[in-house]
>>> print(open('coords12.txt').read())   # compact mmCIF, C-alpha atoms and all ligand atoms
# COMPACT_ATOMS: atom_id res chain seq x y z
CA MET A 1 -13.82 214.39 49.54
CA THR A 2 -12.83 213.28 53.06
CA SER A 3 -10.83 215.67 55.22
CA ALA A 4 -7.85 213.24 55.10
CA ALA A 5 -7.95 213.24 51.30
CA THR A 6 -8.19 217.04 51.28
CA ALA A 7 -5.19 217.29 53.61
CA THR A 8 -3.15 214.95 51.39
CA ARG A 9 -4.05 216.94 48.30
CA THR A 10 -3.21 220.22 49.98
CA ALA A 11 0.15 218.80 51.10
CA ARG A 12 0.91 217.58 47.58
CA ASP A 13 -0.05 220.94 46.05
CA GLN A 14 2.13 222.78 48.55
CA ARG A 15 5.10 220.56 47.76
CA ARG A 16 4.67 220.97 44.02
CA THR A 17 4.75 224.76 44.33
CA LEU A 18 7.69 224.79 46.77
CA ARG A 19 10.86 225.73 44.90
CA PRO A 20 14.43 225.98 46.25
CA THR A 21 15.36 229.62 46.83
CA GLY A 22 19.08 228.91 46.57
CA GLU A 23 19.65 229.67 50.25
CA GLU A 24 21.78 226.98 51.92
CA ARG A 25 21.07 226.37 55.60
CA LEU A 26 24.09 225.01 57.44
CA LEU A 27 23.55 222.68 60.36
CA ALA A 28 25.38 223.55 63.57
CA PRO A 29 28.14 221.06 64.51
CA ASP A 30 26.01 219.77 67.40
CA ASP A 31 22.75 219.54 65.43
CA LEU A 32 21.37 216.01 65.38
CA ILE A 33 18.25 215.79 63.23
CA VAL A 34 16.09 212.80 64.13
CA SER A 35 12.93 211.40 62.59
CA LYS A 36 11.10 208.10 62.75
CA THR A 37 8.73 206.63 60.19
CA ASP A 38 6.38 203.71 59.79
CA LEU A 39 7.11 200.99 57.22
CA ARG A 40 5.83 203.18 54.36
CA GLY A 41 8.05 206.13 55.25
CA VAL A 42 5.29 208.17 56.90
CA ILE A 43 6.74 210.38 59.64
CA THR A 44 5.76 209.37 63.19
CA TYR A 45 8.32 211.48 65.10
CA ALA A 46 10.50 214.52 64.40
CA ASN A 47 12.79 216.19 66.93
CA GLU A 48 13.33 219.89 67.53
CA SER A 49 16.39 220.04 65.22
CA PHE A 50 14.34 218.48 62.40
CA LEU A 51 11.62 221.11 62.80
CA ARG A 52 14.07 224.01 63.07
CA CYS A 53 16.14 223.00 60.01
CA SER A 54 13.15 222.06 57.85
CA ALA A 55 11.13 225.13 58.98
CA TYR A 56 8.04 222.98 59.48
CA ALA A 57 5.80 222.86 62.55
CA GLU A 58 5.42 219.46 64.21
CA GLU A 59 1.77 219.14 63.12
CA GLU A 60 2.82 219.73 59.50
CA VAL A 61 5.20 216.76 59.46
CA ILE A 62 3.61 214.06 61.63
CA GLY A 63 1.56 211.74 59.43
CA ARG A 64 3.16 213.04 56.24
CA PRO A 65 5.38 210.97 53.90
CA HIS A 66 9.10 211.66 54.38
CA ASN A 67 9.40 212.95 50.84
CA LEU A 68 7.92 216.12 52.34
CA VAL A 69 11.52 217.39 52.46
CA ARG A 70 12.58 215.85 49.15
CA HIS A 71 14.79 218.18 47.14
CA PRO A 72 14.36 218.28 43.35
CA ALA A 73 18.16 218.14 42.89
CA MET A 74 18.39 214.76 44.63
CA PRO A 75 18.88 211.80 42.28
CA ARG A 76 16.28 209.04 42.58
CA ALA A 77 19.10 206.48 42.64
CA VAL A 78 20.08 207.48 46.17
CA PHE A 79 16.57 206.84 47.48
CA SER A 80 16.36 203.52 45.61
CA LEU A 81 19.60 202.51 47.32
CA LEU A 82 18.23 203.68 50.68
CA TRP A 83 15.01 201.66 50.42
CA ASP A 84 16.77 198.58 48.92
CA THR A 85 19.25 198.57 51.82
CA LEU A 86 16.48 198.93 54.42
CA ALA A 87 14.52 196.12 52.71
CA ARG A 88 17.52 193.84 53.35
CA GLY A 89 17.31 194.76 57.04
CA GLU A 90 20.53 196.78 56.88
CA GLU A 91 21.36 200.34 57.91
CA VAL A 92 22.32 202.92 55.31
CA PHE A 93 24.47 206.07 55.36
CA ALA A 94 23.76 208.67 52.69
CA TYR A 95 24.43 212.30 51.87
CA ILE A 96 21.08 213.96 51.22
CA ALA A 97 20.04 217.47 50.22
CA ASN A 98 16.72 218.37 51.78
CA LEU A 99 14.28 221.14 50.96
CA ALA A 100 12.88 223.17 53.87
CA ALA A 101 9.40 224.66 53.96
CA ASP A 102 10.85 228.13 53.30
CA GLY A 103 12.73 226.93 50.20
CA ALA A 104 16.16 226.67 51.86
CA THR A 105 18.39 223.70 51.07
CA TYR A 106 20.07 221.83 53.91
CA TRP A 107 22.55 219.02 53.32
CA VAL A 108 22.84 216.19 55.80
CA LEU A 109 24.75 212.98 56.31
CA ALA A 110 21.95 210.59 57.21
CA ASN A 111 22.03 207.23 58.93
CA VAL A 112 18.79 205.30 58.46
CA THR A 113 18.08 202.05 60.26
CA PRO A 114 15.21 199.61 60.61
CA SER A 115 13.50 199.59 64.04
CA TYR A 116 12.56 196.19 65.46
CA ASP A 117 9.93 195.07 67.94
CA ALA A 118 10.63 192.56 70.73
CA ALA A 119 9.93 189.68 68.35
CA GLY A 120 12.56 190.94 65.90
CA LYS A 121 10.07 192.17 63.34
CA VAL A 122 10.79 195.44 61.48
CA VAL A 123 8.13 197.92 62.61
CA GLY A 124 9.47 201.16 61.15
CA TYR A 125 12.60 203.18 60.43
CA HIS A 126 14.74 205.65 62.32
CA SER A 127 17.03 208.32 60.93
CA SER A 128 19.69 210.52 62.55
CA ARG A 129 21.51 213.20 60.59
CA ARG A 130 24.50 215.43 61.13
CA ALA A 131 26.15 218.28 59.26
CA PRO A 132 28.28 216.94 56.40
CA SER A 133 31.82 218.27 56.02
CA PRO A 134 32.49 220.79 53.22
CA GLY A 135 35.05 218.33 51.80
CA ALA A 136 32.46 215.57 51.55
CA LEU A 137 29.98 217.88 49.86
CA ALA A 138 32.61 218.93 47.33
CA ALA A 139 32.77 215.27 46.25
CA VAL A 140 29.05 214.52 46.52
CA ARG A 141 27.60 217.53 44.63
CA PRO A 142 29.22 216.79 41.23
CA LEU A 143 28.39 213.08 41.56
CA TYR A 144 24.73 213.81 42.26
CA GLN A 145 24.61 216.37 39.42
CA ARG A 146 25.85 213.67 37.04
CA LEU A 147 23.26 211.20 38.29
CA LEU A 148 20.46 213.75 38.03
CA ALA A 149 21.44 214.67 34.45
CA GLU A 150 21.34 210.99 33.52
CA GLU A 151 17.99 210.47 35.25
CA ARG A 152 16.46 213.51 33.49
CA ARG A 153 17.05 211.80 30.13
CA HIS A 154 14.33 209.30 31.07
CA THR A 155 10.62 210.06 31.19
CA SER A 156 9.48 207.27 33.52
CA GLY A 157 10.44 207.41 37.20
CA PRO A 158 11.52 203.76 37.49
CA ALA A 159 13.63 203.99 34.30
CA ALA A 160 15.26 207.17 35.62
CA ALA A 161 16.03 205.53 38.98
CA ALA A 162 17.48 202.44 37.26
CA ALA A 163 19.67 204.54 34.95
CA GLY A 164 20.86 206.66 37.88
CA ALA A 165 21.61 203.56 39.94
CA ALA A 166 23.59 201.99 37.07
CA LEU A 167 25.63 205.17 36.63
CA LEU A 168 26.22 205.44 40.39
CA CYS A 169 27.48 201.85 40.44
CA SER A 170 29.78 202.31 37.46
CA VAL A 171 31.24 205.66 38.61
CA LEU A 172 32.03 204.27 42.06
CA ALA A 173 33.27 200.95 40.66
CA GLU A 174 35.94 202.94 38.76
CA GLN A 175 37.20 203.95 42.22
CA GLY A 176 36.73 200.41 43.54
CA LEU A 177 34.01 201.55 45.94
CA THR A 178 30.42 200.74 46.84
CA TYR A 179 28.24 203.72 47.85
CA ASP A 180 28.68 202.77 51.51
CA GLU A 181 32.48 202.68 51.10
CA PHE A 182 32.34 206.01 49.23
CA VAL A 183 30.51 207.60 52.18
CA TRP A 184 32.97 206.15 54.69
CA SER A 185 35.96 207.30 52.61
CA LEU A 186 34.58 210.85 52.80
CA ILE A 187 33.95 210.58 56.55
CA ALA A 188 37.49 209.27 57.05
CA ARG A 189 38.88 212.22 55.07
CA GLY A 190 36.95 215.07 56.60
CA GLY A 191 34.74 213.88 59.45
CA PHE A 192 31.10 213.45 58.38
C1 LIG B 1 13.57 206.97 58.22
C2 LIG B 1 13.57 207.61 56.86
C3 LIG B 1 14.13 208.86 56.71
C4 LIG B 1 14.14 209.49 55.46
N1 LIG B 1 14.70 210.74 55.37
C5 LIG B 1 14.62 211.39 54.19
C6 LIG B 1 15.11 212.72 54.09
O1 LIG B 1 15.65 213.31 55.03
N2 LIG B 1 14.98 213.35 52.89
C7 LIG B 1 14.41 212.74 51.80
O2 LIG B 1 14.30 213.39 50.75
N3 LIG B 1 13.96 211.48 51.88
C8 LIG B 1 14.06 210.80 53.03
N4 LIG B 1 13.60 209.51 53.10
C9 LIG B 1 13.16 208.85 51.85
C10 LIG B 1 11.75 209.23 51.46
O3 LIG B 1 10.87 208.33 52.10
C11 LIG B 1 11.54 209.14 49.93
O4 LIG B 1 11.90 207.84 49.49
C12 LIG B 1 12.40 210.17 49.15
O5 LIG B 1 12.17 211.47 49.62
C13 LIG B 1 12.10 210.12 47.64
O6 LIG B 1 10.79 210.51 47.42
P1 LIG B 1 10.06 210.26 46.03
O7 LIG B 1 9.96 208.76 45.87
O8 LIG B 1 8.74 210.93 46.16
O9 LIG B 1 10.92 210.84 44.97
C14 LIG B 1 13.58 208.84 54.33
C15 LIG B 1 13.02 207.56 54.48
C16 LIG B 1 13.03 206.94 55.73
C17 LIG B 1 12.44 205.57 55.87
>>> encode(input="coords12.txt", output="structure tokens", more="lines below")
Ligand SMILES: Cc1cc2nc3c(=O)[nH]c(=O)nc-3n(C[C@H](O)[C@H](O)[C@H](O)COP(=O)(O)O)c2cc1C
Amino acid sequence: MTSAATATRTARDQRRTLRPTGEERLLAPDDLIVSKTDLRGVITYANESFLRCSAYAEEEVIGRPHNLVRHPAMPRAVFSLLWDTLARGEEVFAYIANLAADGATYWVLANVTPSYDAAGKVVGYHSSRRAPSPGALAAVRPLYQRLLAEERRHTSGPAAAAAGAALLCSVLAEQGLTYDEFVWSLIARGGF
């Protein structure tokens, strides 16, 4: 096996064995977590706040897929929405629970945007994240729990993501909102 393949396997094994401890790490009000990725979502840059909150060293994150910090309680539907929005060349705002290397959970309000070269071609993605307000999280947690419960009824990943996305759409449609409008309604209420 090549050393790159060994590294990928080791990373995957580590992630599989990493379980949330239940500890919640709160971001400071002035924390701004930044990362950049290539077109496949492989991390090319992470700032000091990213490394501190995720408890990873820089060399452990650069070159790794961004699902390195994926939390098992996050519904797939949110990531489908994120990638679908980026594929349209648009920016996306999303509340995301992340899993740190030490098992702590840290919630963020993320803004993810395409990055363009001088010719206007998308060459990667950029994400900045801030601490979400407690009020926003009080609305987001039960929604995500509902989506996750729906997704867990399905054995295939794509079917789970589709079912979660359909439920997300219908729950928010009852309130007359898209996901983007839902996020902005929470920001308007409580600030991030
Ligand atoms: C710029 C950028 C930032 C991202 N930030 C996160 C993040 O903070 N947490 C996360 O779980 N996924 C993030 N993602 C999405 C991941 O690439 C991935 O889709 C997600 O973790 C779901 O992984 P899975 O398909 O293995 O379930 C980001 C993607 C991009 C392009």
>>> axis_aligned_box(input="coords12.txt", around="region 177-187 of chain A", padding_each_side="8 Å", output="JSON")
{"center_x": 32.1, "center_y": 205.8, "center_z": 51.2, "size_x": 23.7, "size_y": 26.1, "size_z": 26.6}
>>> residues_near_ligand(input="coords12.txt", ligand="ligand LIG 1 (chain B)", cutoff="9 Å", atoms="only C-alpha atoms and all ligand atoms", output="MDAnalysis selection string")
chainID A and resid 33:43 65:72 74:76 78:80 82:83 86 96:99 108 110:114 124:129 157
>>> write_last_selection(input="coords12.txt", atoms="C-alpha atoms", output="mmCIF file, in the coordinates of the input")
data_model
loop_
_atom_site.group_PDB
_atom_site.id
_atom_site.type_symbol
_atom_site.label_atom_id
_atom_site.label_comp_id
_atom_site.auth_asym_id
_atom_site.auth_seq_id
_atom_site.Cartn_x
_atom_site.Cartn_y
_atom_site.Cartn_z
ATOM 1 C CA ILE A 33 18.250 215.790 63.230
ATOM 2 C CA VAL A 34 16.090 212.800 64.130
ATOM 3 C CA SER A 35 12.930 211.400 62.590
ATOM 4 C CA LYS A 36 11.100 208.100 62.750
ATOM 5 C CA THR A 37 8.730 206.630 60.190
ATOM 6 C CA ASP A 38 6.380 203.710 59.790
ATOM 7 C CA LEU A 39 7.110 200.990 57.220
ATOM 8 C CA ARG A 40 5.830 203.180 54.360
ATOM 9 C CA GLY A 41 8.050 206.130 55.250
ATOM 10 C CA VAL A 42 5.290 208.170 56.900
ATOM 11 C CA ILE A 43 6.740 210.380 59.640
ATOM 12 C CA PRO A 65 5.380 210.970 53.900
ATOM 13 C CA HIS A 66 9.100 211.660 54.380
ATOM 14 C CA ASN A 67 9.400 212.950 50.840
ATOM 15 C CA LEU A 68 7.920 216.120 52.340
ATOM 16 C CA VAL A 69 11.520 217.390 52.460
ATOM 17 C CA ARG A 70 12.580 215.850 49.150
ATOM 18 C CA HIS A 71 14.790 218.180 47.140
ATOM 19 C CA PRO A 72 14.360 218.280 43.350
ATOM 20 C CA MET A 74 18.390 214.760 44.630
ATOM 21 C CA PRO A 75 18.880 211.800 42.280
ATOM 22 C CA ARG A 76 16.280 209.040 42.580
ATOM 23 C CA VAL A 78 20.080 207.480 46.170
ATOM 24 C CA PHE A 79 16.570 206.840 47.480
ATOM 25 C CA SER A 80 16.360 203.520 45.610
ATOM 26 C CA LEU A 82 18.230 203.680 50.680
ATOM 27 C CA TRP A 83 15.010 201.660 50.420
ATOM 28 C CA LEU A 86 16.480 198.930 54.420
ATOM 29 C CA ILE A 96 21.080 213.960 51.220
ATOM 30 C CA ALA A 97 20.040 217.470 50.220
ATOM 31 C CA ASN A 98 16.720 218.370 51.780
ATOM 32 C CA LEU A 99 14.280 221.140 50.960
ATOM 33 C CA VAL A 108 22.840 216.190 55.800
ATOM 34 C CA ALA A 110 21.950 210.590 57.210
ATOM 35 C CA ASN A 111 22.030 207.230 58.930
ATOM 36 C CA VAL A 112 18.790 205.300 58.460
ATOM 37 C CA THR A 113 18.080 202.050 60.260
ATOM 38 C CA PRO A 114 15.210 199.610 60.610
ATOM 39 C CA GLY A 124 9.470 201.160 61.150
ATOM 40 C CA TYR A 125 12.600 203.180 60.430
ATOM 41 C CA HIS A 126 14.740 205.650 62.320
ATOM 42 C CA SER A 127 17.030 208.320 60.930
ATOM 43 C CA SER A 128 19.690 210.520 62.550
ATOM 44 C CA ARG A 129 21.510 213.200 60.590
ATOM 45 C CA GLY A 157 10.440 207.410 37.200
#
>>> atom_distance(input="coords12.txt", atom1="CA of Gly22 (chain A)", atom2="CA of Ala77 (chain A)")
22.8 Å
>>> atom_distance(input="coords12.txt", atom1="CA of Ser133 (chain A)", atom2="CA of Glu150 (chain A)")
25.9 Å
>>> atom_distance(input="coords12.txt", atom1="CA of Leu186 (chain A)", atom2="CA of Arg141 (chain A)")
12.7 Å
>>> closest_residue(input="coords12.txt", among="A:Asp102, A:Asp180, A:Asp84, A:Glu90", to="Cys53 (chain A)", atoms="only C-alpha atoms")
A:Asp102
>>> closest_residue(input="coords12.txt", among="A:Val123, A:Ala173, A:Ala55, A:Leu168", to="Gly103 (chain A)", atoms="all atoms listed in the file")
A:Ala55
>>> closest_residue(input="coords12.txt", among="A:Ala100, A:Gly89, A:Leu81, A:Val140", to="Gly164 (chain A)", atoms="all atoms listed in the file")
A:Leu81
>>> closest_residue(input="coords12.txt", among="A:Thr44, A:Arg153, A:Leu167, A:Ile187", to="Ile62 (chain A)", atoms="all atoms listed in the file")
A:Thr44
>>> closest_residue(input="coords12.txt", among="A:Ala104, A:Phe50, A:Cys169, A:Asp117", to="Arg19 (chain A)", atoms="all atoms listed in the file")
A:Ala104
>>> closest_residue(input="coords12.txt", among="A:Ser54, A:Ser49, A:Ser185, A:Thr178", to="Ala166 (chain A)", atoms="all atoms listed in the file")
A:Thr178
